[in-house]
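Chemist: If it helps, the file is called target19.txt and holds compact mmCIF, C-alpha atoms:
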```
# COMPACT_ATOMS: atom_id res chain seq x y z
CA LYS A 240 0.00 0.00 0.00
CA VAL A 241 2.78 2.46 0.88
CA LEU A 242 4.69 1.63 -2.31
CA ARG A 243 1.57 1.96 -4.48
CA GLN A 244 1.00 5.44 -3.09
CA ARG A 245 4.62 6.39 -3.84
CA ALA A 246 5.18 7.11 -0.17
CA GLY A 247 8.05 5.87 1.97
CA ALA A 248 10.38 3.73 -0.12
CA GLY A 249 7.90 4.18 -2.97
CA MET A 250 9.38 7.65 -3.49
CA LEU A 251 12.35 5.87 -5.05
CA GLN A 252 10.22 5.62 -8.19
CA ASP A 253 11.07 9.30 -8.75
CA PRO A 254 14.53 10.25 -7.39
CA ASN A 255 14.20 13.77 -8.79
CA ASN A 256 11.11 14.30 -6.66
CA ILE A 257 13.08 13.14 -3.61
CA LEU A 258 15.74 15.73 -4.34
CA ALA A 259 13.12 18.44 -4.84
CA CYS A 260 11.44 17.61 -1.51
CA VAL A 261 14.77 17.55 0.30
CA ARG A 262 15.82 20.91 -1.14
CA MET A 263 12.58 22.45 0.12
CA MET A 264 13.22 21.05 3.62
CA LEU A 265 16.81 22.32 3.52
CA ASP A 266 15.58 25.76 2.57
CA ALA A 267 13.44 25.74 5.71
CA ALA A 268 15.79 23.97 8.14
CA GLY A 269 19.21 24.92 6.85
CA GLU A 270 22.08 22.99 5.29
CA ARG A 271 23.07 19.74 7.08
CA HIS A 272 19.99 19.94 9.33
CA VAL A 273 18.06 17.36 7.30
CA GLY A 274 18.78 13.63 6.95
CA CYS A 275 17.36 10.99 4.62
CA LYS A 276 16.62 7.30 5.14
CA LEU A 277 16.84 5.18 2.01
CA ARG A 278 16.56 1.66 0.68
CA LEU A 279 18.89 0.47 -2.07
CA GLY A 280 16.23 1.09 -4.69
CA LEU A 281 12.82 -0.15 -5.76
CA ASP A 282 14.16 -3.54 -6.86
CA ARG A 283 17.39 -5.13 -8.11
CA ASP A 284 16.84 -3.69 -11.59
CA HIS A 285 16.58 -0.15 -10.20
CA GLU A 286 19.34 0.34 -7.65
CA GLU A 287 19.79 4.04 -6.82
CA SER A 288 23.52 3.94 -6.05
CA ASP A 289 24.02 7.61 -7.03
CA LEU A 290 21.16 9.01 -4.94
CA PRO A 291 23.03 9.16 -1.59
CA PHE A 292 25.77 11.25 -3.20
CA ALA A 293 23.24 13.55 -4.89
CA LEU A 294 21.55 14.10 -1.54
CA ALA A 295 24.91 14.84 0.11
CA ASP A 296 25.67 17.36 -2.63
CA ALA A 297 22.25 18.95 -2.03
CA GLY A 298 23.19 19.60 1.61
CA VAL A 299 21.79 16.81 3.78
CA GLY A 300 23.63 16.19 7.04
CA TRP A 301 23.48 12.38 7.07
CA ILE A 302 22.18 9.39 5.15
CA THR A 303 20.53 6.35 6.74
CA LEU A 304 20.62 3.22 4.60
CA HIS A 305 18.60 0.05 5.07
CA PRO A 306 20.40 -2.20 2.56
CA ARG A 307 17.40 -3.99 1.14
CA PHE A 308 15.35 -3.16 -1.94
CA ALA A 309 11.87 -1.72 -1.39
CA ASN A 310 10.12 -4.73 -2.95
CA GLU A 311 11.91 -7.07 -0.53
CA HIS A 312 10.13 -5.52 2.47
CA PHE A 313 11.85 -7.41 5.34
CA GLN A 314 12.55 -10.64 3.49
CA GLY A 315 15.98 -12.21 3.30
CA THR A 316 19.00 -10.58 4.90
CA ALA A 317 20.12 -6.96 4.86
CA ASP A 318 23.26 -6.63 2.70
CA TRP A 319 25.73 -4.99 5.07
CA THR A 320 28.41 -5.01 2.35
CA LYS A 321 26.47 -2.13 0.76
CA LEU A 322 26.90 -0.21 4.02
CA THR A 323 30.64 -0.90 3.98
CA SER A 324 31.16 0.44 0.47
CA LEU A 325 28.97 3.50 1.00
CA ALA A 326 30.53 4.39 4.36
CA ALA A 327 33.96 4.45 2.74
CA SER A 328 32.98 6.96 0.04
CA LEU A 329 30.05 9.05 1.28
CA PRO A 330 31.06 12.64 2.24
CA VAL A 331 28.49 12.80 5.08
CA PRO A 332 27.97 10.39 8.02
CA LEU A 333 26.28 7.09 7.18
CA VAL A 334 23.73 5.69 9.63
CA ALA A 335 23.37 1.91 9.36
CA SER A 336 20.00 0.16 9.52
CA GLY A 337 18.69 -3.31 8.75
CA ASP A 338 18.66 -6.54 10.80
CA LEU A 339 19.81 -4.85 14.00
CA PHE A 340 17.76 -7.04 16.32
CA THR A 341 20.08 -6.95 19.34
CA ALA A 342 22.75 -4.67 20.72
CA ARG A 343 25.34 -7.29 19.72
CA ASP A 344 24.09 -6.98 16.13
CA GLY A 345 24.60 -3.23 16.35
CA ILE A 346 28.14 -3.48 17.69
CA ARG A 347 29.04 -6.03 15.02
CA CYS A 348 27.51 -3.86 12.27
CA LEU A 349 29.58 -0.84 13.30
CA ARG A 350 32.77 -2.91 13.37
CA GLU A 351 32.12 -4.61 10.02
CA THR A 352 30.82 -1.66 8.00
CA GLY A 353 32.56 1.46 9.30
CA ALA A 354 29.21 3.27 9.55
CA ALA A 355 29.18 6.37 11.76
CA THR A 356 26.27 5.20 13.90
CA LEU A 357 23.09 3.09 13.90
CA MET A 358 19.34 3.29 13.66
CA TYR A 359 17.69 0.54 15.70
CA ALA A 360 14.17 -0.08 14.40
CA ARG A 361 12.55 -3.51 14.82
CA GLY A 362 15.16 -4.32 17.46
CA ALA A 363 14.03 -1.35 19.55
CA ILE A 364 10.36 -2.28 19.19
CA ARG A 365 11.17 -5.78 20.38
CA ASN A 366 13.40 -4.56 23.21
CA PRO A 367 13.39 -0.86 24.18
CA ALA A 368 16.38 -1.57 26.45
CA ILE A 369 18.52 -2.20 23.36
CA PHE A 370 20.09 1.26 23.69
CA HIS A 371 21.12 0.61 27.28
CA ASP A 372 22.43 -2.80 26.24
CA HIS A 373 24.48 -1.14 23.50
CA ILE A 374 26.15 1.18 26.01
CA ARG A 375 26.84 -1.74 28.37
CA LEU A 376 28.53 -3.71 25.60
CA LEU A 377 30.74 -0.72 24.78
CA GLN A 378 31.74 -0.74 28.47
CA ASN A 379 32.54 -4.49 28.25
CA LEU A 380 29.51 -5.27 30.40
CA PRO A 381 26.92 -7.93 29.52
CA PRO A 382 23.54 -6.73 28.22
CA LEU A 383 20.60 -6.74 30.58
CA SER A 384 19.01 -10.17 30.69
CA SER A 385 15.37 -10.52 29.74
CA ASP A 386 14.49 -12.35 32.94
CA GLY A 387 11.15 -11.87 34.64
CA SER A 388 12.25 -8.99 36.86
CA HIS A 389 13.87 -6.85 34.18
CA LEU A 390 11.20 -7.53 31.59
CA ARG A 391 8.41 -6.75 34.05
CA THR A 392 9.92 -3.36 34.94
CA LEU A 393 10.46 -2.54 31.26
CA LEU A 394 6.94 -3.39 30.16
CA LYS A 395 5.30 -1.71 33.15
CA THR A 396 7.13 1.49 32.24
CA TYR A 397 6.08 1.05 28.61
CA LEU A 398 2.40 0.74 29.60
CA LYS A 399 2.62 3.81 31.83
CA LEU A 400 4.14 5.95 29.07
CA VAL A 401 1.60 4.81 26.48
CA ARG A 402 -1.30 5.66 28.75
CA GLU A 403 0.20 9.11 29.47
CA HIS A 404 1.12 10.11 25.93
CA ASP A 405 -1.03 8.14 23.46
CA ASN A 406 -4.63 9.27 23.22
CA GLY A 407 -5.48 7.10 20.22
CA ARG A 408 -8.22 4.53 20.03
CA ASP A 409 -7.86 0.83 20.79
CA GLN A 410 -4.79 1.32 22.96
CA THR A 411 -5.29 -1.98 24.75
CA LYS A 412 -5.69 -3.92 21.52
CA ARG A 413 -2.54 -2.42 20.02
CA MET A 414 -0.55 -2.95 23.19
CA ARG A 415 -1.41 -6.67 23.26
CA GLY A 416 0.63 -7.28 20.13
CA ILE A 417 3.44 -4.95 21.18
CA LEU A 418 3.80 -6.55 24.61
CA ALA A 419 3.70 -10.00 23.05
CA SER A 420 6.61 -9.12 20.77
CA HIS A 421 8.76 -8.22 23.78
CA VAL A 422 8.58 -11.67 25.35
CA ARG A 423 9.66 -13.71 22.32
CA GLY A 424 12.95 -14.65 23.92
CA HIS A 425 11.38 -15.59 27.24
CA PRO A 426 11.29 -19.34 28.12
CA GLN A 427 7.51 -19.13 28.67
CA ALA A 428 6.85 -16.79 25.76
CA ARG A 429 4.09 -18.89 24.21
CA ASP A 430 1.95 -18.91 27.35
CA ILE A 431 2.51 -15.23 28.07
CA ARG A 432 1.72 -14.18 24.50
CA ILE A 433 -1.55 -16.13 24.50
CA ARG A 434 -2.65 -14.38 27.68
CA PHE A 435 -1.74 -10.96 26.27
CA CYS A 436 -3.85 -11.80 23.23
CA ARG A 437 -6.85 -12.55 25.45
CA ALA A 438 -6.56 -9.38 27.57
CA GLU A 439 -9.31 -6.81 27.19
CA THR A 440 -8.32 -4.10 29.71
CA TRP A 441 -5.26 -2.31 31.07
CA ASP A 442 -5.77 -4.03 34.41
CA GLU A 443 -5.62 -7.44 32.75
CA LEU A 444 -2.34 -6.53 31.04
CA HIS A 445 -0.87 -5.52 34.39
CA GLU A 446 -2.16 -8.70 36.01
CA ILE A 447 -0.40 -10.79 33.37
CA LEU A 448 2.87 -8.98 34.01
CA ASP A 449 2.52 -9.42 37.78
CA ARG A 450 1.69 -13.10 37.52
CA TRP A 451 4.05 -14.25 34.78
CA LEU A 452 6.92 -11.79 35.25
CA PRO A 453 7.17 -11.33 39.02
CA GLU A 454 9.71 -9.04 40.67
CA ASN A 455 11.87 -11.93 41.84
CA GLY A 456 12.25 -13.10 38.25
CA LEU A 457 10.84 -16.56 39.02
CA CYS A 458 7.92 -17.13 36.70
CA LYS A 459 4.88 -19.16 37.59
CA THR A 460 4.44 -22.64 36.19
CA PRO A 461 2.31 -22.29 33.04
CA GLU A 462 -1.29 -23.34 33.18
CA PRO A 463 -2.55 -25.42 30.23
CA VAL A 464 -3.66 -23.24 27.33
CA PRO A 465 -6.88 -24.27 25.55
CA GLU A 466 -6.32 -25.40 21.96
CA GLU A 467 -8.85 -22.91 20.61
CA ASN A 468 -6.52 -20.08 21.63
CA LEU A 469 -3.52 -21.33 19.64
CA SER A 470 -4.66 -19.76 16.36
CA ARG A 471 -4.97 -16.38 18.08
CA GLU A 472 -1.46 -16.69 19.46
CA LYS A 473 -0.04 -17.43 16.00
CA SER A 474 -1.51 -14.19 14.68
CA LEU A 475 0.63 -12.07 17.02
```
Just give me the structure as C-alpha cells.

Modeler:
Amino acid sequence: KVLRQRAGAGMLQDPNNILACVRMMLDAAGERHVGCKLRLGLDRDHEESDLPFALADAGVGWITLHPRFANEHFQGTADWTKLTSLAASLPVPLVASGDLFTARDGIRCLRETGAATLMYARGAIRNPAIFHDHIRLLQNLPPLSSDGSHLRTLLKTYLKLVREHDNGRDQTKRMRGILASHVRGHPQARDIRIRFCRAETWDELHEILDRWLPENGLCKTPEPVPEENLSREKSL
C-alpha cells in the first residue's frame, strides 16, 4: 500500500522528486539539518547507487541506509556489504539500519561496516532496552538479561508511558501485540503471549505482568492453554 501510493520507499520511483522535496526542507531547516533514510532502490533492476551522493551534494547532514530493496520488504537478509562500500565513500555520516535485532548486532555492524552510527528499528520495538544494552557492551559489560524482573519493569514502564502520551483509540488492543513481541525470547513466551492476546483491559495486562513476570524473576508454572486459543497466538 505504501509503495503503491509512492510514499516511503515508494518515493524511489522518482529520485528527482526526492531531491526536490529535500531541497525544500533544507531551505526551511538549513544545510546539514536534514537527513534521509533510504533503501537500495525499488528492486534489483533499479538500484539508486548515485542518490546518496546527490543528496549529500544537495546539503543533507546524514544518510541512513537500510540495505534492502523496497520490494523485498523485510525478506531475506540486509546486505551490510552495501553499508561498507557507502561508508567508505560518502562525504556525510552514514547511519546503518537493517537486521539490528540486538545490541550485539549493532556493535558487530559498526565494526564490520565502518558506519558512523546506527538506527535501531525492529530491534528497539522488540526490546526498548537495546540502547542501554548497547552502552553496556561498549563498556565491556553484559547486556541486561530478559528475565522476569527486568522484563516486568520494562513493560510496566512502557504501559505507563503509552497511557500518558497516546490518546489514540484501541490502545489496549494495540498494546497486546506490542507486549507479546517483547517476550519472544522468554522461556515461557508462548503462554505469556496467548494471555496478552486474550486481555481486554489495562488491568488485565498488568495482572499478566505481575503473575508471569514477578519481581523476583521466578515465573509461575504455566497453566494449560486451551487449543482454541492457539490460532490467536499465532496471529501475534

Chemist: Taking 6 positions as the minimum chain separation for residues in the same chain, which residues sit within 12 Å of Leu400 (chain A) when counting all atoms listed in the file? Answer as a PDB file with C-alpha atoms, in the frame of the given file.

Modeler:
```
ATOM      1  CA  LEU A 393      10.460  -2.540  31.260  1.00  0.00           C
ATOM      2  CA  LEU A 394       6.940  -3.390  30.160  1.00  0.00           C
ATOM      3  CA  ASN A 406      -4.630   9.270  23.220  1.00  0.00           C
ATOM      4  CA  GLN A 410      -4.790   1.320  22.960  1.00  0.00           C
ATOM      5  CA  MET A 414      -0.550  -2.950  23.190  1.00  0.00           C
TER       6      MET A 414
END
```

Chemist: Which residues are close to Ala326 (chain A), i.e. within 8 Å by only C-alpha atoms, leaving aside same-chain residues fewer than 6 positions away? Reply as a PDB file with C-alpha atoms, in the frame of the given file.

Modeler:
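Below is the file part_9.pdb, written as the result:
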```pdb
ATOM      1  CA  PRO A 332      27.970  10.390   8.020  1.00  0.00           C
ATOM      2  CA  LEU A 333      26.280   7.090   7.180  1.00  0.00           C
ATOM      3  CA  THR A 352      30.820  -1.660   8.000  1.00  0.00           C
ATOM      4  CA  GLY A 353      32.560   1.460   9.300  1.00  0.00           C
ATOM      5  CA  ALA A 354      29.210   3.270   9.550  1.00  0.00           C
ATOM      6  CA  ALA A 355      29.180   6.370  11.760  1.00  0.00           C
TER       7      ALA A 355
END
```

Chemist: Taking all atoms listed in the file into account, name the residue in A:Leu376, A:Leu277, A:Ile433, A:Ala335 that is nearest to Ala360 (chain A).

Modeler: A:Ala335

Chemist: Under the rule that all atoms listed in the file are counted, which of A:Asp442, A:Asp282, A:Glu270, A:Asp409 is the nearest residue to Glu311 (chain A)?

Modeler: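 Checking each candidate against Glu311 (chain A), we get A:Asp282 as the closest.
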
Chemist: Considering only C-alpha atoms, state which residue in the set A:Thr316, A:Thr392, A:Thr303, A:Thr440 is at the smallest distance from Arg413 (chain A).

Modeler: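 For Arg413 (chain A), the nearest of the candidates is A:Thr440.
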
Chemist: Please work out which residues fall within 10 Å of (25.5, 12.6, 5.7), coordinates as given in the file, with all atoms listed in the file counting, and return them as a list in words.

Modeler: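 Returned residue set, sorted by chain then number, is Arg271, His272, Val273, Gly274, Cys275, Pro291, Phe292, Leu294, Ala295, Asp296, Gly298, Val299, Gly300, Trp301, Ile302, Thr303, Ala326, Leu329, Pro330, Val331, Pro332, Leu333, Val334 and Ala355 of chain A.
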
Chemist: Dump C-alpha atoms for the selected residues as an mmCIF file, in the coordinates of the input?

Modeler:
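out_39.cif was written with the following content:
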```cif
data_model
loop_
_atom_site.group_PDB
_atom_site.id
_atom_site.type_symbol
_atom_site.label_atom_id
_atom_site.label_comp_id
_atom_site.auth_asym_id
_atom_site.auth_seq_id
_atom_site.Cartn_x
_atom_site.Cartn_y
_atom_site.Cartn_z
ATOM 1 C CA ARG A 271 23.070 19.740 7.080
ATOM 2 C CA HIS A 272 19.990 19.940 9.330
ATOM 3 C CA VAL A 273 18.060 17.360 7.300
ATOM 4 C CA GLY A 274 18.780 13.630 6.950
ATOM 5 C CA CYS A 275 17.360 10.990 4.620
ATOM 6 C CA PRO A 291 23.030 9.160 -1.590
ATOM 7 C CA PHE A 292 25.770 11.250 -3.200
ATOM 8 C CA LEU A 294 21.550 14.100 -1.540
ATOM 9 C CA ALA A 295 24.910 14.840 0.110
ATOM 10 C CA ASP A 296 25.670 17.360 -2.630
ATOM 11 C CA GLY A 298 23.190 19.600 1.610
ATOM 12 C CA VAL A 299 21.790 16.810 3.780
ATOM 13 C CA GLY A 300 23.630 16.190 7.040
ATOM 14 C CA TRP A 301 23.480 12.380 7.070
ATOM 15 C CA ILE A 302 22.180 9.390 5.150
ATOM 16 C CA THR A 303 20.530 6.350 6.740
ATOM 17 C CA ALA A 326 30.530 4.390 4.360
ATOM 18 C CA LEU A 329 30.050 9.050 1.280
ATOM 19 C CA PRO A 330 31.060 12.640 2.240
ATOM 20 C CA VAL A 331 28.490 12.800 5.080
ATOM 21 C CA PRO A 332 27.970 10.390 8.020
ATOM 22 C CA LEU A 333 26.280 7.090 7.180
ATOM 23 C CA VAL A 334 23.730 5.690 9.630
ATOM 24 C CA ALA A 355 29.180 6.370 11.760
#
```

Chemist: What is the CA of Asn310 (chain A)-CA of Arg283 (chain A) distance in Å, reported with one decimal?

Modeler: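 CA of Arg283 (chain A) lies at a distance of 8.9 Å from CA of Asn310 (chain A).
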
Chemist: How far is it from CA of Leu377 (chain A) to CA of Glu351 (chain A), in Å with one decimal?

Modeler: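 So the answer is 15.3 Å.
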
Chemist: What's the separation between CA of Thr320 (chain A) and CA of Thr356 (chain A), in Å to one decimal place?

Modeler: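 Going from CA of Thr320 (chain A) over to CA of Thr356 (chain A) covers 15.6 Å.
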